[in-house]
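What follows is data.txt (compact mmCIF, C-alpha atoms).
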# COMPACT_ATOMS: atom_id res chain seq x y z
CA MET F 98 199.40 124.66 118.57
CA PHE F 99 195.73 124.80 119.21
CA TYR F 100 194.07 124.55 122.64
CA PHE F 101 190.46 123.60 123.23
CA TYR F 102 188.63 124.80 126.34
CA CYS F 103 185.59 122.66 127.38
CA LEU F 104 184.29 124.72 130.32
CA PRO F 105 182.44 127.44 128.36
CA ALA F 106 180.78 124.80 126.26
CA LEU F 107 179.49 123.04 129.36
CA LEU F 108 178.13 126.28 130.73
CA LEU F 109 176.44 126.96 127.45
CA ILE F 110 174.79 123.56 127.43
CA ALA F 111 173.56 123.98 130.99
CA ARG F 112 172.17 127.39 130.19
CA ALA F 113 170.39 126.02 127.17
CA GLN F 114 168.76 123.28 129.27
CA VAL F 115 167.45 125.75 131.82
CA THR F 116 166.09 127.94 129.10
CA GLU F 117 164.19 125.03 127.56
CA GLU F 118 162.63 123.80 130.84
CA SER F 119 161.66 127.16 132.34
CA PRO F 120 158.31 127.51 130.51
CA LYS F 121 156.97 124.29 132.29
CA SER F 122 157.35 125.64 135.84
CA THR F 123 154.42 127.30 137.70
CA THR F 124 154.43 129.88 140.46
CA MET F 125 151.65 130.33 143.08
CA SER F 126 151.14 133.92 144.17
CA VAL F 127 150.33 135.01 147.69
CA SER F 128 146.87 136.06 146.58
CA ASP F 129 146.22 132.60 145.11
CA THR F 130 147.34 130.98 148.33
CA THR F 131 145.02 133.21 150.33
CA THR F 132 142.14 132.44 148.00
CA GLU F 133 142.75 128.71 148.34
CA THR F 134 142.85 128.99 152.13
CA ILE F 135 139.54 130.84 152.21
CA LYS F 136 137.91 128.10 150.16
CA THR F 137 138.88 125.43 152.67
CA MET F 138 137.67 127.49 155.62
CA GLY F 139 134.08 127.37 156.79
CA PRO F 140 131.90 126.15 159.64
CA PHE F 141 133.83 123.99 162.07
CA SER F 142 132.50 121.28 164.35
CA VAL F 143 132.48 121.81 168.10
CA ASP F 144 133.21 119.14 170.69
CA ILE F 145 130.24 118.15 172.83
CA TRP F 146 131.30 118.24 176.47
CA ALA F 147 128.27 116.50 177.98
CA ILE F 148 125.15 114.77 176.71
CA TYR F 149 122.54 113.09 178.90
CA VAL F 150 118.86 112.35 179.43
CA PRO F 151 117.51 114.60 182.24
CA ASP F 152 115.89 112.99 185.27
CA GLY F 153 112.17 112.49 184.84
CA ILE F 154 112.11 113.35 181.11
CA GLY F 155 112.78 110.15 179.22
CA ASN F 156 112.26 111.63 175.76
CA ALA F 157 114.54 114.66 176.14
CA VAL F 158 118.30 115.14 175.73
CA LYS F 159 120.49 117.89 177.22
CA VAL F 160 123.56 118.80 175.15
CA VAL F 161 126.44 120.95 176.47
CA TRP F 162 129.36 122.07 174.31
CA GLY F 163 132.36 124.37 174.49
CA GLY F 164 132.90 127.53 172.43
CA ASP F 165 134.87 130.76 172.16
CA LYS F 166 133.94 134.32 171.26
CA GLU F 167 135.23 136.00 168.15
CA PRO F 168 138.00 138.62 168.55
CA ASN F 169 135.42 141.43 168.59
CA ASN F 170 133.55 139.65 171.44
CA VAL F 171 130.53 138.93 169.25
CA ASN F 172 128.76 135.72 170.22
CA LEU F 173 129.02 132.89 167.73
CA THR F 174 125.94 131.16 166.39
CA TYR F 175 125.85 127.41 166.83
CA GLY F 176 123.90 124.82 164.92
CA LEU F 177 122.69 121.69 166.71
CA TYR F 178 122.19 118.66 164.49
CA PHE F 179 120.41 115.52 165.59
CA GLY F 180 118.63 112.55 164.11
CA LYS F 181 117.93 108.89 164.65
CA ASP F 182 120.83 106.51 164.45
CA GLN F 183 122.17 106.16 160.88
CA ASP F 184 120.30 109.29 159.71
CA GLU F 185 122.50 111.76 157.85
CA LEU F 186 123.03 115.04 159.70
CA LYS F 187 122.63 117.55 156.88
CA HIS F 188 120.96 120.61 158.40
CA PRO F 189 120.85 122.05 161.94
CA LYS F 190 117.51 121.68 163.69
CA VAL F 191 118.35 124.18 166.43
CA THR F 192 120.34 127.45 166.16
CA THR F 193 121.47 129.27 169.29
CA SER F 194 124.20 131.48 170.70
CA ASN F 195 124.11 129.54 173.98
CA LEU F 196 126.53 126.77 174.85
CA ASN F 197 123.81 124.24 175.66
CA ALA F 198 120.39 123.14 174.50
CA LEU F 199 117.56 120.93 175.72
CA VAL F 200 115.90 118.92 172.95
CA GLN F 201 112.46 117.63 173.92
CA ASP F 202 109.65 115.51 172.44
CA LEU F 203 111.97 112.85 171.05
CA GLU F 204 110.92 109.24 170.71
CA PHE F 205 111.27 107.08 173.80
CA CYS F 206 114.00 104.46 173.99
CA THR F 207 115.50 105.47 170.64
CA ARG F 208 119.13 105.95 169.59
CA TYR F 209 120.00 109.47 168.40
CA ASP F 210 123.13 111.10 166.98
CA PHE F 211 124.03 114.68 167.98
CA ALA F 212 126.59 117.16 166.63
CA VAL F 213 127.32 120.90 166.97
CA THR F 214 128.97 123.32 164.53
CA VAL F 215 129.66 127.05 164.35
CA LEU F 216 127.39 128.43 161.64
CA ASN F 217 128.59 130.53 158.72
CA GLN F 218 125.94 131.69 156.27
CA ASN F 219 128.42 131.97 153.42
CA GLU F 220 129.69 128.43 153.56
CA GLU F 221 128.26 124.95 153.19
CA ILE F 222 127.85 123.26 156.54
CA GLN F 223 129.54 119.93 157.11
CA VAL F 224 129.65 117.92 160.32
CA ASN F 225 132.90 116.32 161.41
CA PRO F 226 131.96 112.66 162.05
CA ASN F 227 134.55 112.50 164.85
CA THR F 228 132.49 114.95 166.94
CA ILE F 229 129.17 113.09 166.64
CA ARG F 230 127.86 111.79 169.98
CA THR F 231 125.28 109.02 170.34
CA ILE F 232 122.73 108.53 173.12
CA ILE F 233 119.63 106.41 173.76
CA THR F 234 116.61 108.19 175.17
CA GLY F 235 114.83 106.84 178.24
CA ALA F 236 111.59 104.91 178.60
CA GLU F 237 108.08 106.18 179.05
CA ARG F 238 107.10 106.17 182.72
CA LEU F 239 104.16 103.83 182.19
CA ALA F 240 106.07 101.42 179.94
CA ALA F 241 106.14 97.75 180.89
CA PRO F 242 109.37 95.86 181.58
CA ALA F 243 110.63 93.57 178.81
CA ASN F 244 112.12 90.11 178.18
CA LEU F 245 110.39 88.23 181.01
CA THR F 246 111.77 84.68 181.35
CA VAL F 247 112.08 82.03 184.06
CA ASP F 248 114.71 79.36 184.75
CA LEU F 249 114.37 76.51 187.21
CA GLU F 250 117.06 75.83 189.79
CA PRO F 251 116.54 72.12 190.55
CA ARG F 252 117.24 71.56 194.24
CA ALA F 253 115.75 69.68 197.15
CA GLU F 254 113.75 72.90 197.59
CA PRO F 255 113.53 74.31 194.04
CA CYS F 256 113.64 77.98 193.04
CA LEU F 257 112.58 79.93 189.99
CA ASP F 258 114.95 82.57 188.66
CA ILE F 259 112.61 85.24 187.31
CA LYS F 260 114.51 87.46 184.86
CA TRP F 261 113.49 90.63 183.05
CA SER F 262 114.87 93.83 181.54
CA ALA F 263 114.10 97.46 182.21
CA PRO F 264 111.64 99.05 179.73
CA CYS F 265 114.67 100.66 178.08
CA SER F 266 118.39 99.95 178.22
CA THR F 267 118.92 103.58 179.28
CA VAL F 268 117.71 103.81 182.89
CA VAL F 269 117.51 107.54 183.61
CA THR F 270 116.25 107.39 187.19
CA PRO F 271 116.29 104.49 189.69
CA THR F 272 113.24 102.31 189.15
CA GLY F 273 111.47 99.94 191.52
CA TYR F 274 109.65 96.80 190.39
CA VAL F 275 106.65 94.75 191.52
CA VAL F 276 106.73 90.96 191.07
CA SER F 277 103.23 89.44 191.14
CA VAL F 278 102.92 85.64 191.41
CA LEU F 279 99.76 83.52 191.37
CA ASN F 280 100.04 79.87 192.42
CA LYS F 281 97.33 78.34 190.25
CA LYS F 282 97.34 75.11 192.23
CA THR F 283 96.68 76.73 195.62
CA SER F 284 95.07 79.98 194.28
CA LYS F 285 97.43 81.99 196.50
CA TYR F 286 98.57 85.39 195.22
CA LYS F 287 101.82 87.02 196.34
CA VAL F 288 103.27 90.45 195.57
CA PHE F 289 106.93 91.37 196.07
CA THR F 290 108.04 95.02 195.86
CA LEU F 291 111.71 95.44 195.01
CA PRO F 292 113.88 98.49 195.85
CA LYS F 293 114.74 101.05 193.18
CA THR F 294 117.77 100.43 191.00
CA LYS F 295 119.42 101.75 187.83
CA ARG F 296 120.26 98.26 186.58
CA SER F 297 118.81 97.32 183.21
CA ASP F 298 118.85 93.51 183.66
CA LEU F 299 117.25 92.11 186.79
CA ILE F 300 116.54 88.80 188.52
CA TYR F 301 114.37 87.68 191.42
CA ARG F 302 114.72 84.23 193.00
CA LEU F 303 111.37 82.71 194.01
CA PRO F 304 111.06 79.54 196.15
CA VAL F 305 108.54 77.14 194.55
CA GLU F 306 107.16 73.63 194.96
CA TYR F 307 107.57 70.70 192.58
CA GLY F 308 104.49 70.15 190.44
CA ASP F 309 102.94 73.59 191.07
CA SER F 310 101.93 75.99 188.29
CA TYR F 311 102.59 79.73 188.49
CA GLU F 312 101.41 82.86 186.68
CA ILE F 313 103.97 85.68 186.82
CA ARG F 314 103.72 89.40 186.02
CA ILE F 315 106.26 92.23 186.41
CA SER F 316 105.59 95.99 186.50
CA THR F 317 107.37 99.09 187.77
CA THR F 318 106.36 100.84 190.99
CA PHE F 319 105.24 103.95 189.07
CA PRO F 320 101.46 104.35 189.59
CA GLY F 321 99.47 103.09 186.62
CA SER F 322 102.44 101.43 184.92
CA LYS F 323 101.86 98.51 182.58
CA ALA F 324 102.89 94.94 183.39
CA VAL F 325 104.71 92.37 181.29
CA GLY F 326 103.11 88.94 181.33
CA PRO F 327 101.46 86.83 182.36
CA LEU F 328 104.10 84.14 181.96
CA ASN F 329 102.84 80.68 182.91
CA TYR F 330 105.28 78.08 184.19
CA THR F 331 104.73 74.61 185.60
CA VAL F 332 107.48 73.27 187.83
CA PRO F 333 108.35 69.69 186.83
CA GLN F 334 107.66 66.79 189.14
CA PRO F 335 110.46 65.35 191.32
CA LEU F 336 113.13 63.55 189.23
CA GLN F 337 111.46 64.70 185.99
CA PRO F 338 113.82 66.04 183.28
CA PHE F 339 112.91 69.47 181.89
CA LYS F 340 113.67 71.97 179.10
CA LEU F 341 113.69 69.29 176.40
CA LYS F 342 115.11 70.69 173.14
CA VAL F 343 115.59 69.19 169.68
CA THR F 344 117.84 70.58 166.96
CA VAL F 345 118.10 69.31 163.40
CA ASN F 346 121.24 68.59 161.36
CA GLN F 347 119.85 68.63 157.83
CA ASP F 348 123.16 67.58 156.26
CA ASP F 349 123.33 64.35 158.28
CA TYR F 350 119.54 63.81 158.49
CA ALA F 351 119.96 63.64 162.26
CA PHE F 352 118.16 64.95 165.34
CA LEU F 353 120.04 66.13 168.44
CA ILE F 354 117.95 65.68 171.61
CA TYR F 355 119.08 67.29 174.86
CA TRP F 356 117.50 68.34 178.17
CA SER F 357 118.21 69.72 181.63
CA GLU F 358 118.85 67.30 184.46
CA PRO F 359 116.65 67.24 187.56
CA PHE F 360 117.81 67.25 191.15
CA VAL F 361 118.62 63.64 192.09
CA PRO F 362 119.28 62.84 195.79
CA LEU F 363 122.23 60.57 196.50
CA SER F 364 119.87 58.14 198.20
CA ILE F 365 118.27 57.36 194.82
CA GLY F 366 121.33 55.48 193.65
CA ARG F 367 122.29 54.88 190.03
CA TYR F 368 119.94 56.08 187.31
CA TYR F 369 119.64 56.57 183.56
CA TYR F 370 117.43 58.36 181.04
CA GLN F 371 114.93 56.84 178.63
CA VAL F 372 114.32 58.60 175.31
CA PHE F 373 111.02 57.78 173.58
CA VAL F 374 110.73 58.34 169.82
CA TYR F 375 107.33 58.48 168.07
CA PRO F 376 106.76 58.67 164.30
CA GLY F 377 105.44 62.10 163.29
CA GLN F 378 103.01 63.46 165.87
CA ASP F 379 101.24 60.16 166.56
CA LEU F 380 101.70 59.64 170.30
CA GLU F 381 99.54 56.51 170.22
CA ALA F 382 101.76 54.73 167.70
CA PRO F 383 104.39 52.19 168.79
CA TYR F 384 107.51 53.99 169.99
CA GLU F 385 111.22 53.30 170.06
CA LYS F 386 113.02 53.52 173.41
CA TYR F 387 116.70 54.29 173.98
CA TYR F 388 118.75 54.26 177.19
CA VAL F 389 121.38 56.95 177.85
CA THR F 390 123.32 58.05 180.91
CA ARG F 391 123.89 61.66 179.82
CA PRO F 392 121.31 64.34 178.86
CA VAL F 393 121.99 64.19 175.12
CA MET F 394 121.32 61.79 172.24
CA VAL F 395 121.64 61.80 168.43
CA TYR F 396 118.90 60.04 166.49
CA LYS F 397 118.70 59.08 162.80
CA GLY F 398 115.51 57.54 161.47
CA ASP F 399 113.92 56.38 158.24
CA ILE F 400 111.36 59.18 158.01
CA GLY F 401 111.73 62.95 158.23
CA GLU F 402 109.62 63.78 161.30
CA TYR F 403 109.42 62.54 164.88
CA SER F 404 108.23 63.42 168.37
CA PHE F 405 110.53 62.94 171.36
CA CYS F 406 110.10 62.79 175.14
CA VAL F 407 112.36 61.76 178.03
CA ASN F 408 112.11 60.44 181.58
CA LEU F 409 114.43 59.20 184.34
CA ALA F 410 114.55 55.74 185.90
CA THR F 411 116.74 54.14 188.55
CA TYR F 412 118.53 50.87 187.95
CA ASP F 413 116.38 49.12 190.53
CA ARG F 414 113.24 50.59 188.89
CA LYS F 415 111.99 51.85 192.25
CA HIS F 416 111.86 55.38 190.86
CA VAL F 417 110.55 56.21 187.39
CA SER F 418 109.78 59.87 186.70
CA GLN F 419 107.08 61.35 184.53
CA VAL F 420 108.01 62.00 180.91
CA THR F 421 108.63 65.47 179.56
CA ALA F 422 106.13 67.17 177.29
CA PRO F 423 106.68 65.80 173.76
CA VAL F 424 108.65 67.91 171.27
CA TYR F 425 108.02 67.55 167.54
CA ALA F 426 110.80 68.05 164.95
CA ASN F 427 111.25 67.50 161.22
CA LEU F 428 114.17 67.66 158.81
CA ASN F 429 112.97 71.03 157.50
CA GLY F 430 114.11 72.51 160.80
CA GLU F 431 110.69 72.94 162.45
CA THR F 432 110.63 72.16 166.18
CA TYR F 433 107.94 72.90 168.75
CA GLU F 434 106.37 71.46 171.88
CA LEU F 435 103.18 69.52 171.32
CA ASN F 436 100.10 70.52 173.25
CA ALA F 437 99.15 66.91 173.82
CA THR F 438 98.83 64.35 176.57
CA PHE F 439 99.49 60.63 176.48
CA THR F 440 96.51 58.30 176.58
CA GLU F 441 98.97 55.82 178.05
CA THR F 442 102.10 57.21 179.67
CA PRO F 443 105.06 55.21 178.35
CA ASP F 444 107.07 53.02 180.69
CA ARG F 445 105.15 53.64 183.89
Please, can you express the file's structure as structure tokens?
Amino acid sequence: MFYFYCLPALLLIARAQVTEESPKSTTMSVSDTTTETIKTMGPFSVDIWAIYVPDGIGNAVKVVWGGDKEPNNVNLTYGLYFGKDQDELKHPKVTTSNLNALVQDLEFCTRYDFAVTVLNQNEEIQVNPNTIRTIITGAERLAAPANLTVDLEPRAEPCLDIKWSAPCSTVVTPTGYVVSVLNKKTSKYKVFTLPKTKRSDLIYRLPVEYGDSYEIRISTTFPGSKAVGPLNYTVPQPLQPFKLKVTVNQDDYAFLIYWSEPFVPLSIGRYYYQVFVYPGQDLEAPYEKYYVTRPVMVYKGDIGEYSFCVNLATYDRKHVSQVTAPVYANLNGETYELNATFTETPDR
């Protein structure tokens, strides 16, 4: 009788498989691991603890960062990188062993990026983008304020909301402002000095009279500072609509006319608006007139350009306001106020 034993054969097969696969395996030595680690080491970025524009120096930035000494107590050398926003920080512009630096003679009111690394002469320097800090420098002391605008508050006793911005969005030190107003109708000149503030957007409410014209300038309280302006504004007459605007819908060949409503006393009674439409810029041509109860109207005409103006009238016709200044618009999207007067004011 013959007996067959399968176990040795299985062991032999397994051994043969290991022998065939063993040449494909790789082994990393300790020295190789160390070499690989050294290659990935190099200058490391340092967190910036504080960054600010010093008082009184609008075009300087103070940078403070943290750092440690090497085991042998030798000071590390740091590289300070900076550049305008979106500039690539490739090379340090300042090297120091201190933990802070003051960078001067930058451009005013400009966005800068800053970063700090520990320098290593034997390695390529790379900045970690997560440690980059951004700051906007301050304004020049003599710089004029910006974005001067006015808005009318229609009331029984109207007011002008005079709005402006600081010379730079970064207000380093509290700044005072001077509001200068000339009433061109009465030739009276008024100056208002406002307290210092660190706000970047400001407003001053000025009581005015209907029908008067004003010339407005704004400057800071710093001696010799420049002013923004003049901005000229004429307050509308009583009951007169204002801020007439026209937008164009080129797809529908339509004009959207809208305006701001005046202050209307309750004693006036019921009223409506009249919209006058002139062909092109010819204010002496026959006009079309439309009646609306709300400060908006859509107009479609046969030609591609028109001039529009609006006034207010009561149902009993005892009160009819002056018309707004005419606004020209065409289907190409051009819109602007006409510097023109009516030889015959419509519907008076």
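Computed from the coordinates, the CA of Thr270 (chain F) to CA of Arg230 (chain F) distance equals 21.2 Å.
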Sel. within 9 Å of pt (116.3, 68.8, 165.1), counting all atoms listed in the file, output as a ChimeraX atom specification: /F:342-347,350-354,425-432
For Ala437 (chain F): contacts at 9 Å, all atoms listed in the file, fewer than 2 positions along chain excluded, given as a list in words: Leu380, Ala422, Pro423, Glu434, Leu435 and Phe439 of chain F
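Nearest residue to Pro251 (chain F) among F:Val143, F:Val389, F:Val332, F:Ile232 is F:Val332, counting all atoms listed in the file.
Atom to atom, CA of Asp184 (chain F) and CA of Val215 (chain F) stand 20.6 Å apart.
Nearest residue to Ile154 (chain F), choosing from F:Ala243, F:Val393, F:Val268, F:Val213 and counting all atoms listed in the file: F:Val268.
Look at Val224 (chain F): the protein and nucleic acid residues within 12 Å of it, using only C-alpha atoms and passing over chain neighbours fewer than 6 places away, are F:Gly139, F:Pro140, F:Phe141, F:Ser142, F:Val143, F:Asp144, F:Gly176, F:Leu177, F:Tyr178, F:Phe179, F:Glu185, F:Leu186, F:Lys187, F:His188, F:Pro189, F:Asp210, F:Phe211, F:Ala212, F:Val213, F:Thr214, F:Val215, F:Leu216, F:Arg230.
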For CA of Asp152 (chain F) and CA of Pro320 (chain F), the interatomic separation in Å (one decimal): 17.4 Å
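Nearest residue to Tyr387 (chain F) among F:Gln371, F:Pro151, F:Glu402, F:Ala410 is F:Gln371, counting all atoms listed in the file.
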Selected residue of minimal separation from Ile315 (chain F) among F:Leu336, F:Leu341, F:Ala241, F:Ala253, counting all atoms listed in the file: F:Ala241
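Closest approach to Asp379 (chain F) among F:Leu196, F:Val158, F:Val424, F:Ile233: F:Val424, based on all atoms listed in the file.
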Near-Lys159 (chain F) list (9 Å; only C-alpha atoms; drop same-chain fewer than 2 positions) as a PyMOL selection string: chain F and resi 147-151+157+161+197-201
Just the selected residues (C-alpha atoms), exported as a PDB file, in the frame of the given file, please.
ATOM      1  CA  ALA F 147     128.270 116.500 177.980  1.00  0.00           C
ATOM      2  CA  ILE F 148     125.150 114.770 176.710  1.00  0.00           C
ATOM      3  CA  TYR F 149     122.540 113.090 178.900  1.00  0.00           C
ATOM      4  CA  VAL F 150     118.860 112.350 179.430  1.00  0.00           C
ATOM      5  CA  PRO F 151     117.510 114.600 182.240  1.00  0.00           C
ATOM      6  CA  ALA F 157     114.540 114.660 176.140  1.00  0.00           C
ATOM      7  CA  VAL F 161     126.440 120.950 176.470  1.00  0.00           C
ATOM      8  CA  ASN F 197     123.810 124.240 175.660  1.00  0.00           C
ATOM      9  CA  ALA F 198     120.390 123.140 174.500  1.00  0.00           C
ATOM     10  CA  LEU F 199     117.560 120.930 175.720  1.00  0.00           C
ATOM     11  CA  VAL F 200     115.900 118.920 172.950  1.00  0.00           C
ATOM     12  CA  GLN F 201     112.460 117.630 173.920  1.00  0.00           C
TER      13      GLN F 201
END
Distance query 12 Å from (112.0, 108.4, 185.9) using only C-alpha atoms, result as a VMD selection string: chain F and resid 150 to 157 234 to 240 263 to 265 267 to 273 293 to 295 317 to 320 322
